[in-house]
file start34.cif (mmCIF, C-alpha atoms)
data_start
loop_
_atom_site.group_PDB
_atom_site.id
_atom_site.type_symbol
_atom_site.label_atom_id
_atom_site.label_comp_id
_atom_site.auth_asym_id
_atom_site.auth_seq_id
_atom_site.Cartn_x
_atom_site.Cartn_y
_atom_site.Cartn_z
ATOM 1 C CA MET L 1 43.359 15.336 23.870
ATOM 2 C CA ALA L 2 44.352 11.714 24.405
ATOM 3 C CA LYS L 3 47.747 10.975 25.901
ATOM 4 C CA LEU L 4 50.088 9.112 23.564
ATOM 5 C CA GLU L 5 51.185 5.703 24.739
ATOM 6 C CA ILE L 6 54.890 4.940 24.463
ATOM 7 C CA LEU L 7 55.118 1.461 22.983
ATOM 8 C CA PRO L 8 58.068 -0.909 23.198
ATOM 9 C CA LYS L 9 60.130 -1.209 20.044
ATOM 10 C CA ARG L 10 58.527 -3.953 17.953
ATOM 11 C CA LEU L 11 60.819 -4.226 14.939
ATOM 12 C CA ASP L 12 64.371 -5.386 14.460
ATOM 13 C CA VAL L 13 64.462 -5.014 10.667
ATOM 14 C CA LEU L 14 63.011 -2.376 8.347
ATOM 15 C CA GLU L 15 62.564 -3.406 4.727
ATOM 16 C CA VAL L 16 61.138 -1.598 1.711
ATOM 17 C CA ASN L 17 57.765 -3.082 0.638
ATOM 18 C CA SER L 18 57.362 -5.049 3.884
ATOM 19 C CA PRO L 19 53.946 -4.755 5.581
ATOM 20 C CA GLU L 20 55.850 -4.714 8.895
ATOM 21 C CA SER L 21 57.568 -1.461 7.876
ATOM 22 C CA VAL L 22 54.341 0.588 7.659
ATOM 23 C CA PHE L 23 53.260 3.021 10.394
ATOM 24 C CA ARG L 24 49.989 4.863 11.033
ATOM 25 C CA ILE L 25 51.506 8.193 12.160
ATOM 26 C CA ASN L 26 55.008 9.615 12.566
ATOM 27 C CA ILE L 27 55.134 9.045 16.346
ATOM 28 C CA ASP L 28 54.581 5.318 15.668
ATOM 29 C CA ILE L 29 57.789 5.285 13.612
ATOM 30 C CA LEU L 30 59.759 6.656 16.555
ATOM 31 C CA ASN L 31 58.071 4.452 19.169
ATOM 32 C CA GLU L 32 57.685 1.125 17.352
ATOM 33 C CA ALA L 33 60.796 1.087 15.168
ATOM 34 C CA PHE L 34 63.306 3.060 17.222
ATOM 35 C CA GLY L 35 62.013 2.740 20.805
ATOM 36 C CA VAL L 36 62.238 6.517 21.220
ATOM 37 C CA GLY L 37 59.492 7.995 23.414
ATOM 38 C CA ARG L 38 58.747 11.453 22.059
ATOM 39 C CA GLY L 39 55.373 12.746 23.317
ATOM 40 C CA MET L 40 53.603 14.889 20.716
ATOM 41 C CA PHE L 41 56.161 14.838 17.918
ATOM 42 C CA ALA L 42 55.091 16.355 14.621
ATOM 43 C CA LYS L 43 58.205 17.411 12.691
ATOM 44 C CA ALA L 44 59.382 15.862 9.435
ATOM 45 C CA VAL L 45 62.955 15.224 10.617
ATOM 46 C CA TYR L 46 64.176 13.562 13.809
ATOM 47 C CA PRO L 47 66.316 14.613 15.542
ATOM 48 C CA ASP L 48 65.439 18.148 14.502
ATOM 49 C CA LYS L 49 68.550 19.917 15.827
ATOM 50 C CA LYS L 50 71.531 20.421 13.572
ATOM 51 C CA ASN L 51 74.521 18.211 14.348
ATOM 52 C CA SER L 52 72.403 15.779 16.412
ATOM 53 C CA ASP L 53 72.311 12.037 15.959
ATOM 54 C CA ILE L 54 69.579 9.571 16.795
ATOM 55 C CA PRO L 55 69.895 9.315 20.602
ATOM 56 C CA GLY L 56 71.863 6.262 21.624
ATOM 57 C CA THR L 57 73.641 5.733 18.317
ATOM 58 C CA LYS L 58 77.384 5.865 18.624
ATOM 59 C CA PRO L 59 79.348 8.936 17.482
ATOM 60 C CA GLY L 60 80.033 8.760 13.767
ATOM 61 C CA ASP L 61 76.730 7.031 12.999
ATOM 62 C CA ARG L 62 75.319 10.019 11.121
ATOM 63 C CA TYR L 63 71.643 9.155 10.639
ATOM 64 C CA ILE L 64 68.422 11.109 10.773
ATOM 65 C CA ILE L 65 64.859 9.919 10.360
ATOM 66 C CA TRP L 66 63.089 11.809 7.558
ATOM 67 C CA MET L 67 59.308 11.590 7.165
ATOM 68 C CA PRO L 68 58.394 13.569 4.024
ATOM 69 C CA LYS L 69 54.837 13.864 2.761
ATOM 70 C CA LEU L 70 54.498 13.328 -0.980
ATOM 71 C CA TYR L 71 51.286 15.340 -1.229
ATOM 72 C CA GLY L 72 49.993 18.820 -0.386
ATOM 73 C CA ASN L 73 53.105 20.116 1.330
ATOM 74 C CA SER L 74 52.526 23.313 3.247
ATOM 75 C CA SER L 75 56.225 24.150 3.143
ATOM 76 C CA GLU L 76 58.062 25.699 0.245
ATOM 77 C CA TRP L 77 59.489 22.318 -0.777
ATOM 78 C CA LYS L 78 57.836 19.546 -2.784
ATOM 79 C CA ASN L 79 59.028 15.954 -2.271
ATOM 80 C CA VAL L 80 58.795 13.451 -5.132
ATOM 81 C CA VAL L 81 59.942 9.813 -5.259
ATOM 82 C CA SER L 82 61.174 8.402 -8.572
ATOM 83 C CA GLU L 83 59.057 5.709 -10.200
ATOM 84 C CA ASP L 84 61.502 2.959 -9.190
ATOM 85 C CA GLY L 85 61.809 4.328 -5.624
ATOM 86 C CA THR L 86 65.573 4.785 -5.741
ATOM 87 C CA GLU L 87 65.653 8.606 -5.728
ATOM 88 C CA ILE L 88 63.846 11.369 -3.871
ATOM 89 C CA TYR L 89 63.696 14.868 -5.319
ATOM 90 C CA GLU L 90 63.183 17.856 -3.056
ATOM 91 C CA VAL L 91 62.215 20.795 -5.245
ATOM 92 C CA ALA L 92 61.587 24.419 -4.250
ATOM 93 C CA GLU L 93 58.031 25.564 -4.861
ATOM 94 C CA GLY L 94 56.913 28.860 -6.337
ATOM 95 C CA SER L 95 59.053 31.930 -5.925
ATOM 96 C CA ARG L 96 61.596 30.587 -3.441
ATOM 97 C CA THR L 97 64.904 32.377 -4.032
ATOM 98 C CA GLU L 98 66.961 30.995 -1.153
ATOM 99 C CA ASP L 99 68.277 27.458 -0.803
ATOM 100 C CA TRP L 100 68.535 25.769 2.619
ATOM 101 C CA ILE L 101 71.847 24.112 1.725
ATOM 102 C CA ASP L 102 74.762 26.101 3.103
ATOM 103 C CA GLU L 103 78.497 25.579 3.548
ATOM 104 C CA ASP L 104 78.018 24.023 6.984
ATOM 105 C CA SER L 105 75.427 21.436 5.891
ATOM 106 C CA ASP L 106 76.151 17.840 6.763
ATOM 107 C CA LEU L 107 75.533 16.208 3.388
ATOM 108 C CA ASP L 108 77.097 12.942 4.622
ATOM 109 C CA VAL L 109 74.184 12.285 6.997
ATOM 110 C CA LEU L 110 72.239 9.182 5.981
ATOM 111 C CA ARG L 111 68.446 9.494 5.992
ATOM 112 C CA LEU L 112 66.171 6.663 7.083
ATOM 113 C CA VAL L 113 63.148 7.688 5.011
ATOM 114 C CA PHE L 114 59.473 7.007 5.709
ATOM 115 C CA VAL L 115 57.124 8.507 3.100
ATOM 116 C CA LYS L 116 53.423 9.301 3.281
ATOM 117 C CA ASP L 117 51.742 9.141 -0.145
ATOM 118 C CA SER L 118 48.394 10.749 0.754
ATOM 119 C CA ALA L 119 46.517 12.184 3.719
ATOM 120 C CA LYS L 120 44.821 8.814 4.301
ATOM 121 C CA SER L 121 47.815 6.553 3.749
ATOM 122 C CA PRO L 122 50.252 5.392 6.439
ATOM 123 C CA TYR L 123 53.974 6.111 6.456
ATOM 124 C CA ARG L 124 56.000 3.411 4.720
ATOM 125 C CA PHE L 125 59.725 2.733 4.900
ATOM 126 C CA ALA L 126 61.313 3.855 1.605
ATOM 127 C CA GLY L 127 64.923 2.974 2.454
ATOM 128 C CA VAL L 128 68.150 4.652 3.512
ATOM 129 C CA PHE L 129 69.137 7.599 1.333
ATOM 130 C CA LYS L 130 72.240 9.760 0.971
ATOM 131 C CA SER L 131 72.656 13.150 -0.647
ATOM 132 C CA GLY L 132 73.178 13.012 -4.377
ATOM 133 C CA LYS L 133 73.137 15.919 -6.804
ATOM 134 C CA MET L 134 72.548 19.231 -5.021
ATOM 135 C CA GLU L 135 71.482 21.959 -7.418
ATOM 136 C CA PHE L 136 70.120 25.333 -6.374
ATOM 137 C CA CYS L 137 66.633 24.673 -4.954
ATOM 138 C CA LYS L 138 66.587 21.085 -6.278
ATOM 139 C CA HIS L 139 68.114 18.340 -4.150
ATOM 140 C CA THR L 140 68.381 14.688 -5.086
ATOM 141 C CA TYR L 141 68.771 11.853 -2.568
ATOM 142 C CA CYS L 142 69.789 8.349 -3.699
ATOM 143 C CA ARG L 143 68.783 5.103 -2.013
ATOM 144 C CA ILE L 144 71.769 3.143 -0.767
ATOM 145 C CA ALA L 145 69.914 0.444 1.199
ATOM 146 C CA SER L 146 66.437 -1.032 1.217
ATOM 147 C CA LYS L 147 66.899 -3.177 4.328
ATOM 148 C CA VAL L 148 68.321 -2.189 7.728
ATOM 149 C CA LYS L 149 68.779 -3.886 11.069
ATOM 150 C CA LEU L 150 67.814 -1.860 14.154
ATOM 151 C CA ILE L 151 69.920 -2.891 17.133
ATOM 152 C CA GLY L 152 68.937 -2.138 20.748
ATOM 153 C CA ASP L 153 65.805 -0.846 22.496
ATOM 154 C CA PRO L 154 65.979 2.069 22.133
ATOM 155 C CA VAL L 155 68.038 1.758 18.965
ATOM 156 C CA THR L 156 71.759 2.118 19.640
ATOM 157 C CA LYS L 157 73.063 1.034 16.233
ATOM 158 C CA ILE L 158 71.802 0.781 12.683
ATOM 159 C CA GLU L 159 73.257 -1.764 10.271
ATOM 160 C CA LEU L 160 72.676 -1.505 6.516
ATOM 161 C CA LEU L 161 71.927 -5.055 5.368
ATOM 162 C CA ASP L 162 72.144 -4.384 1.615
ATOM 163 C CA ASP L 163 74.484 -1.401 1.360
ATOM 164 C CA ASN L 164 74.626 -0.315 -2.302
ATOM 165 C CA ARG L 165 77.291 2.381 -1.986
#
call {"tool": "encode", "arguments": {"input": "start34.cif", "output": "structure tokens"}}
result
Amino acid sequence: MAKLEILPKRLDVLEVNSPESVFRINIDILNEAFGVGRGMFAKAVYPDKKNSDIPGTKPGDRYIIWMPKLYGNSSEWKNVVSEDGTEIYEVAEGSRTEDWIDEDSDLDVLRLVFVKDSAKSPYRFAGVFKSGKMEFCKHTYCRIASKVKLIGDPVTKIELLDDNR
């Protein structure tokens, strides 16, 4: 197996529909956009520990990086983006009877979202989303920004350039 190369952060701004905000694999998102060296990383959420922030961001900056696939999910959740790209729906598949949302969930965490449309497509920046309507086994996330500034290498601050809240 080839060793992954940790690349210097190459972006200062992420923008929806920008060719600069497209990444081959999920590790490229962490390396090239956030300057975070993470070896063989393969999870859909970073950081993946509850109550963690993106390393280096100041306390109170409640962000996570979410990399949902919009095809053939092997989990019990299906991710769908609205036609206009402003909402993401996370819907329980099949016979799921338990929701992952609990009383201790941090629904105020903002999600920097990178979606993958098919097995052959790259990840593309879809925007910054916040929790919207949370029904049992159906969660809605609403886009609040389509352009963000990434400050520092590695990133130490994230600024929403078109905050729509």
call {"tool": "closest_residue", "arguments": {"input": "start34.cif", "among": "L:Ile65, L:Asp163, L:Leu14, L:Met134", "to": "L:Ile27", "atoms": "only C-alpha atoms"}}
result
L:Ile65
call {"tool": "atom_distance", "arguments": {"input": "start34.cif", "atom1": "atom CA of L:Leu112", "atom2": "atom CA of L:Pro154"}}
result
15.7 Å
call {"tool": "residues_around", "arguments": {"input": "start34.cif", "residues": "stretch 76-80 of chain L", "least_positions_apart": "4", "cutoff": "7 Å", "atoms": "all atoms listed in the file", "output": "ChimeraX atom specification"}}
result
/L:68-70,88-93
call {"tool": "residues_near_point", "arguments": {"input": "start34.cif", "point": "(48.1, 4.5, 13.1)", "cutoff": "12 Å", "atoms": "all atoms listed in the file", "output": "ChimeraX atom specification"}}
result
/L:4,22-29,31-32,120-124
call {"tool": "closest_residue", "arguments": {"input": "start34.cif", "among": "L:Asp108, L:Asp117, L:Asp162, L:Asp153", "to": "L:Tyr63", "atoms": "only C-alpha atoms"}}
result
L:Asp108
call {"tool": "resolve_selection", "arguments": {"input": "start34.cif", "expression": "the PyMOL selection byres ((chain L and resi 144) around 10)", "output": "ChimeraX atom specification"}}
result
/L:86-87,110-111,127-130,141-143,145-147,160,162-165
call {"tool": "closest_residue", "arguments": {"input": "start34.cif", "among": "L:Glu83, L:Glu135, L:Glu20, L:Asp12", "to": "L:Lys157", "atoms": "all atoms listed in the file"}}
result
L:Asp12
call {"tool": "atom_distance", "arguments": {"input": "start34.cif", "atom1": "atom CA of L:Lys116", "atom2": "atom CA of L:Ile151"}}
result
24.8 Å
call {"tool": "residues_around", "arguments": {"input": "start34.cif", "residues": "L:Phe125", "least_positions_apart": "5", "cutoff": "6 Å", "atoms": "all atoms listed in the file", "output": "PDB file with C-alpha atoms, in the coordinates of the input"}}
result
ATOM      1  CA  VAL L  16      61.138  -1.598   1.711  1.00  0.00           C
ATOM      2  CA  SER L  21      57.568  -1.461   7.876  1.00  0.00           C
ATOM      3  CA  PHE L 114      59.473   7.007   5.709  1.00  0.00           C
TER       4      PHE L 114
END
call {"tool": "atom_distance", "arguments": {"input": "start34.cif", "atom1": "atom CA of L:Asn17", "atom2": "atom CA of L:Glu159"}}
result
18.3 Å
call {"tool": "closest_residue", "arguments": {"input": "start34.cif", "among": "L:Tyr71, L:Phe34, L:Trp66, L:Phe136", "to": "L:Arg10", "atoms": "only C-alpha atoms"}}
result
L:Phe34
call {"tool": "closest_residue", "arguments": {"input": "start34.cif", "among": "L:Val113, L:Leu11, L:Ala119, L:Val81", "to": "L:His139", "atoms": "all atoms listed in the file"}}
result
L:Val81
call {"tool": "closest_residue", "arguments": {"input": "start34.cif", "among": "L:Val109, L:Gly85, L:Val155, L:Leu161", "to": "L:Lys9", "atoms": "only C-alpha atoms"}}
result
L:Val155
